[in-house]
$ cat structure_21.cif   # mmCIF, C-alpha atoms
data_target
#
loop_
_atom_site.label_atom_id
_atom_site.label_comp_id
_atom_site.auth_asym_id
_atom_site.auth_seq_id
_atom_site.Cartn_x
_atom_site.Cartn_y
_atom_site.Cartn_z
CA MET A 1 8.10 24.83 12.01
CA TYR A 2 10.30 21.84 11.17
CA GLU A 3 10.80 20.79 7.56
CA VAL A 4 10.13 17.14 8.49
CA ALA A 5 8.91 15.65 11.77
CA VAL A 6 8.87 11.97 12.70
CA ILE A 7 5.72 10.68 14.38
CA GLU A 8 6.62 7.98 16.91
CA ASP A 9 3.48 7.90 19.06
CA PRO A 10 0.82 5.40 17.84
CA ALA A 11 -2.05 7.73 18.81
CA ALA A 12 -0.46 10.65 16.92
CA ALA A 13 0.02 8.40 13.88
CA GLU A 14 -3.64 7.41 13.99
CA ILE A 15 -4.72 11.05 14.31
CA SER A 16 -2.53 12.13 11.38
CA LEU A 17 -3.87 9.42 9.07
CA ASP A 18 -7.47 10.62 9.32
CA PRO A 19 -8.20 12.17 5.87
CA VAL A 20 -9.82 15.34 7.29
CA ARG A 21 -7.00 15.91 9.77
CA ALA A 22 -4.35 15.23 7.11
CA ARG A 23 -6.02 17.88 4.93
CA LEU A 24 -6.01 20.34 7.83
CA LEU A 25 -2.30 19.66 8.42
CA ALA A 26 -1.61 20.39 4.75
CA GLU A 27 -3.58 23.65 4.93
CA LEU A 28 -1.73 24.68 8.09
CA SER A 29 1.64 25.15 6.40
CA GLU A 30 0.75 28.81 7.03
CA PRO A 31 -0.98 30.05 10.20
CA GLU A 32 -4.78 29.88 9.97
CA SER A 33 -7.78 30.24 12.26
CA ALA A 34 -10.57 27.68 12.48
CA THR A 35 -12.85 30.13 10.67
CA THR A 36 -10.60 30.52 7.63
CA LEU A 37 -9.82 26.80 7.59
CA ALA A 38 -13.52 25.94 7.71
CA ALA A 39 -14.12 28.02 4.58
CA LYS A 40 -11.19 26.36 2.77
CA VAL A 41 -12.12 22.75 3.57
CA GLY A 42 -15.90 23.11 3.54
CA LEU A 43 -16.56 22.09 7.15
CA ALA A 44 -18.32 23.83 10.03
CA ARG A 45 -15.99 25.88 12.24
CA GLN A 46 -16.95 23.78 15.29
CA LYS A 47 -15.95 20.60 13.44
CA VAL A 48 -12.62 22.16 12.43
CA ASN A 49 -12.02 23.21 16.04
CA TYR A 50 -12.69 19.64 17.18
CA HIS A 51 -10.07 18.29 14.75
CA LEU A 52 -7.58 21.04 15.60
CA ARG A 53 -7.80 20.21 19.32
CA ALA A 54 -7.04 16.55 18.55
CA LEU A 55 -4.06 17.54 16.39
CA GLU A 56 -2.82 19.96 19.05
CA ARG A 57 -3.02 17.33 21.82
CA HIS A 58 -0.56 15.22 19.85
CA GLY A 59 1.82 18.05 18.96
CA LEU A 60 0.99 18.07 15.26
CA VAL A 61 -0.23 21.68 15.31
CA GLU A 62 0.70 24.51 17.63
CA LEU A 63 -0.75 27.81 18.71
CA VAL A 64 0.80 30.81 16.92
CA GLU A 65 -1.32 33.56 18.45
CA GLU A 66 -4.66 34.41 20.01
CA ARG A 67 -6.73 37.32 18.70
CA ARG A 68 -9.72 39.00 20.32
CA LYS A 69 -12.72 39.18 17.99
CA GLY A 70 -15.65 40.78 19.76
CA ASN A 71 -16.56 38.54 22.71
CA CYS A 72 -14.50 35.63 21.39
CA THR A 73 -10.84 34.72 21.26
CA GLU A 74 -9.72 33.39 17.89
CA ARG A 75 -6.87 30.90 18.00
CA VAL A 76 -4.43 30.92 15.08
CA MET A 77 -2.75 27.56 14.55
CA GLN A 78 0.07 26.22 12.39
CA ALA A 79 1.36 22.73 11.67
CA SER A 80 4.45 21.87 13.71
CA ALA A 81 6.14 20.59 10.52
CA ALA A 82 5.87 21.01 6.77
CA SER A 83 5.74 17.23 6.36
CA TYR A 84 5.58 14.13 8.54
CA VAL A 85 6.97 10.60 8.47
CA ILE A 86 5.45 7.86 10.60
CA SER A 87 8.15 5.88 12.38
CA PRO A 88 7.92 2.10 12.60
CA THR A 89 8.05 2.74 16.36
CA ALA A 90 4.38 3.72 16.08
CA LEU A 91 3.72 0.07 15.13
CA ALA A 92 6.19 -1.38 17.62
CA ALA A 93 4.66 -4.87 17.76
CA VAL A 94 4.84 -5.33 13.99
CA GLN A 95 7.69 -3.04 12.92
CA PRO A 96 10.09 -4.55 10.37
CA ASP A 97 13.23 -6.22 11.64
CA PRO A 98 16.06 -6.70 9.11
CA ALA A 99 17.50 -9.50 11.27
CA ARG A 100 14.47 -11.71 10.54
CA SER A 101 15.50 -12.36 6.94
CA PRO A 102 18.89 -10.85 6.12
CA ASP A 103 18.79 -11.42 2.34
CA GLN A 104 20.83 -8.55 0.87
CA LEU A 105 19.19 -8.97 -2.53
CA SER A 106 15.64 -8.89 -1.20
CA ALA A 107 13.50 -5.77 -1.67
CA ARG A 108 11.71 -6.64 1.60
CA TRP A 109 15.02 -6.67 3.48
CA LEU A 110 15.83 -3.27 1.94
CA LEU A 111 12.44 -2.01 3.12
CA ALA A 112 13.12 -3.33 6.64
CA LEU A 113 16.50 -1.53 6.63
CA ALA A 114 14.86 1.69 5.44
CA ALA A 115 12.24 1.38 8.19
CA ARG A 116 15.01 0.98 10.76
CA LEU A 117 16.68 4.08 9.30
CA VAL A 118 13.45 6.09 9.75
CA ARG A 119 13.05 4.75 13.30
CA ASP A 120 16.66 5.45 14.32
CA VAL A 121 16.84 8.93 12.78
CA GLY A 122 13.45 9.75 14.33
CA ILE A 123 14.74 8.78 17.78
CA LEU A 124 17.92 10.82 17.20
CA LEU A 125 15.91 13.86 16.07
CA THR A 126 13.61 13.67 19.08
CA GLY A 127 16.59 13.55 21.45
CA ALA A 128 18.42 16.31 19.60
CA ASP A 129 15.34 18.55 19.68
CA ARG A 130 15.05 18.08 23.44
CA ALA A 131 18.74 18.90 23.88
CA ARG A 132 18.51 21.75 21.35
CA LYS A 133 21.31 20.22 19.30
CA ARG A 134 21.76 19.02 15.74
CA VAL A 135 22.32 15.43 14.66
CA ALA A 136 25.53 14.83 12.69
CA THR A 137 24.48 12.90 9.59
CA PHE A 138 25.59 12.50 5.99
CA ALA A 139 23.64 11.17 3.01
CA LEU A 140 24.17 10.68 -0.69
CA ASP A 141 21.41 10.51 -3.29
CA ALA A 142 22.23 9.76 -6.92
CA ASP A 143 20.76 8.24 -10.06
CA VAL A 144 22.74 5.78 -12.15
CA ARG A 145 21.60 4.21 -15.42
CA PHE A 146 23.02 0.73 -16.04
CA ALA A 147 23.45 -0.56 -19.57
CA SER A 148 22.84 -4.14 -18.45
CA ALA A 149 22.15 -6.39 -15.49
CA ALA A 150 25.81 -7.43 -15.63
CA ASP A 151 26.88 -3.80 -15.23
CA ARG A 152 24.51 -3.42 -12.28
CA ALA A 153 26.01 -6.52 -10.63
CA ALA A 154 29.57 -5.26 -11.27
CA PHE A 155 28.64 -1.86 -9.79
CA ALA A 156 27.17 -3.54 -6.69
CA GLU A 157 30.35 -5.57 -6.22
CA GLU A 158 32.64 -2.55 -6.64
CA LEU A 159 30.48 -0.48 -4.30
CA SER A 160 30.51 -3.25 -1.71
CA ASN A 161 34.29 -3.58 -1.94
CA ALA A 162 34.82 0.21 -1.69
CA VAL A 163 32.53 0.54 1.35
CA THR A 164 34.08 -2.51 3.03
CA SER A 165 37.53 -1.02 2.47
CA LEU A 166 36.48 2.37 3.93
CA VAL A 167 34.85 0.74 6.95
CA GLY A 168 37.99 -1.32 7.54
CA LYS A 169 40.16 1.80 7.25
CA TYR A 170 38.19 4.03 9.62
CA HIS A 171 36.52 1.66 12.10
CA ASP A 172 38.41 1.68 15.40
CA GLU A 173 36.95 -0.73 17.93
CA ASN A 174 39.20 0.65 20.69
CA ALA A 175 38.86 4.40 20.02
CA GLU A 176 38.49 6.07 23.39
CA GLY A 177 35.53 8.43 23.25
CA GLY A 178 34.64 7.17 19.78
CA ARG A 179 31.03 6.96 18.70
CA GLU A 180 29.55 4.25 16.51
CA HIS A 181 27.69 5.28 13.37
CA ARG A 182 25.42 3.19 11.16
CA LEU A 183 26.09 3.11 7.43
CA PHE A 184 23.19 2.39 5.07
CA VAL A 185 23.77 1.99 1.33
CA ALA A 186 21.05 0.91 -1.09
CA VAL A 187 20.49 0.56 -4.80
CA HIS A 188 17.00 0.08 -6.21
CA PRO A 189 15.22 0.79 -9.49
CA SER A 190 14.10 4.40 -9.86
CA ILE A 191 10.42 5.27 -9.78
CA THR A 192 9.68 7.44 -12.80
CA LYS A 193 6.07 8.21 -11.86
CA VAL A 194 4.78 8.11 -8.30
CA PRO A 195 1.39 6.35 -8.19
CA THR A 196 -1.53 8.39 -6.88
CA ASP A 197 -4.94 7.45 -5.52
CA GLU A 198 -6.63 9.09 -8.49
#
$ encode --input "structure_21.cif" --output "structure tokens"
Amino acid sequence: MYEVAVIEDPAAAEISLDPVRARLLAELSEPESATTLAAKVGLARQKVNYHLRALERHGLVELVEERRKGNCTERVMQASAASYVISPTALAAVQPDPARSPDQLSARWLLALAARLVRDVGILLTGADRARKRVATFALDADVRFASAADRAAFAEELSNAVTSLVGKYHDENAEGGREHRLFVAVHPSITKVPTDE
């Protein structure tokens, strides 16, 4: 089971967004049979089996084992990942494109960049999984509390200058065998409480 999987296929995205199927995926963090799942979610076993087959067709759940129970074979399933992210690739015709409005101070541009990050890393992960390799990445995550808007602007300018200097120092257009990497840096207000549907 992967910690996070990226859903790139539009049909798989649609399947995963169904509330019943999303609940089944959440319950399948541990291997379960349709019978035990049915009792947990309050659905008929046949209905659970129907949903499990749809999830399995799209690679969102996988068979762990088969057990004989009398005249029947019980299939034990588990989610293929602990959590899922839907790639903008699943909405190819309307996926965000940062080039459409490259306003560095716009939250919508930041969102388009983040969507591209999810898309690109999803594609890299899919390829790496097929090749049974890891993807070389690096990320930083930090919180910073600014005393004023002026401090935030000064921080953004210093950060921009530092990153520009590092890129200039290490970027080698003519490096034989070199590989390009994308750098993504963002600053946005912190969310103190994540909104829920309740």
$ resolve_selection --input "structure_21.cif" --expression "the PyMOL selection byres ((chain A and resi 13) around 10)" --output "PyMOL selection string"
chain A and resi 6-12+14-18+58+60+84-87+90-91
$ atom_distance --input "structure_21.cif" --atom1 "atom CA of A:Gly59" --atom2 "atom CA of A:His181"
29.4 Å
$ residues_around --input "structure_21.cif" --residues "A:Leu140" --least-positions-apart "4" --cutoff "12 Å" --atoms "only C-alpha atoms" --output "list of chain:residue names"
A:Leu183, A:Phe184, A:Val185, A:Ala186, A:Val187
$ residues_around --input "structure_21.cif" --residues "A:Arg145" --least-positions-apart "4" --cutoff "10 Å" --atoms "all atoms listed in the file" --output "list of chain:residue names"
A:Asp151, A:Arg152, A:Pro189, A:Ser190
$ resolve_selection --input "structure_21.cif" --expression "the PyMOL selection byres ((chain A and resi 120) around 12)" --output "PDB file with C-alpha atoms, in the frame of the given file"
ATOM      1  CA  VAL A   6       8.870  11.970  12.700  1.00  0.00           C
ATOM      2  CA  GLU A   8       6.620   7.980  16.910  1.00  0.00           C
ATOM      3  CA  SER A  87       8.150   5.880  12.380  1.00  0.00           C
ATOM      4  CA  PRO A  88       7.920   2.100  12.600  1.00  0.00           C
ATOM      5  CA  THR A  89       8.050   2.740  16.360  1.00  0.00           C
ATOM      6  CA  LEU A 113      16.500  -1.530   6.630  1.00  0.00           C
ATOM      7  CA  ALA A 114      14.860   1.690   5.440  1.00  0.00           C
ATOM      8  CA  ALA A 115      12.240   1.380   8.190  1.00  0.00           C
ATOM      9  CA  ARG A 116      15.010   0.980  10.760  1.00  0.00           C
ATOM     10  CA  LEU A 117      16.680   4.080   9.300  1.00  0.00           C
ATOM     11  CA  VAL A 118      13.450   6.090   9.750  1.00  0.00           C
ATOM     12  CA  ARG A 119      13.050   4.750  13.300  1.00  0.00           C
ATOM     13  CA  VAL A 121      16.840   8.930  12.780  1.00  0.00           C
ATOM     14  CA  GLY A 122      13.450   9.750  14.330  1.00  0.00           C
ATOM     15  CA  ILE A 123      14.740   8.780  17.780  1.00  0.00           C
ATOM     16  CA  LEU A 124      17.920  10.820  17.200  1.00  0.00           C
ATOM     17  CA  LEU A 125      15.910  13.860  16.070  1.00  0.00           C
ATOM     18  CA  THR A 126      13.610  13.670  19.080  1.00  0.00           C
ATOM     19  CA  GLY A 127      16.590  13.550  21.450  1.00  0.00           C
ATOM     20  CA  VAL A 135      22.320  15.430  14.660  1.00  0.00           C
ATOM     21  CA  THR A 137      24.480  12.900   9.590  1.00  0.00           C
ATOM     22  CA  HIS A 181      27.690   5.280  13.370  1.00  0.00           C
ATOM     23  CA  ARG A 182      25.420   3.190  11.160  1.00  0.00           C
ATOM     24  CA  LEU A 183      26.090   3.110   7.430  1.00  0.00           C
ATOM     25  CA  PHE A 184      23.190   2.390   5.070  1.00  0.00           C
TER      26      PHE A 184
END
$ resolve_selection --input "structure_21.cif" --expression "the PyMOL selection byres ((chain A and resi 29) around 9)" --output "PyMOL selection string"
chain A and resi 1+25-28+30-32+78-83
$ atom_distance --input "structure_21.cif" --atom1 "atom CA of A:Tyr2" --atom2 "atom CA of A:Ala128"
12.9 Å
$ residues_around --input "structure_21.cif" --residues "A:Val20" --least-positions-apart "6" --cutoff "10 Å" --atoms "all atoms listed in the file" --output "compact mmCIF listing (two decimals) with C-alpha atoms, keeping the file's coordinate frame"
# COMPACT_ATOMS: atom_id res chain seq x y z
CA ALA A 26 -1.61 20.39 4.75
CA VAL A 41 -12.12 22.75 3.57
CA LEU A 43 -16.56 22.09 7.15
CA VAL A 48 -12.62 22.16 12.43
CA HIS A 51 -10.07 18.29 14.75
$ closest_residue --input "structure_21.cif" --among "A:Ala92, A:Ala139, A:Ala38, A:Ile191" --to "A:Leu24" --atoms "only C-alpha atoms"
A:Ala38
$ atom_distance --input "structure_21.cif" --atom1 "atom CA of A:Phe146" --atom2 "atom CA of A:Glu158"
13.8 Å
$ closest_residue --input "structure_21.cif" --among "A:His171, A:Arg179, A:Arg100, A:Arg21" --to "A:Ala54" --atoms "only C-alpha atoms"
A:Arg21
$ axis_aligned_box --input "structure_21.cif" --around "stretch 123-141 of chain A" --padding-each-side "8 Å" --output "AutoDock Vina command-line options"
--center_x 19.6 --center_y 15.3 --center_z 10.3 --size_x 28.0 --size_y 29.0 --size_z 43.2
$ closest_residue --input "structure_21.cif" --among "A:Thr36, A:Ser106, A:Ser101, A:Gln95" --to "A:Glu74" --atoms "all atoms listed in the file"
A:Thr36
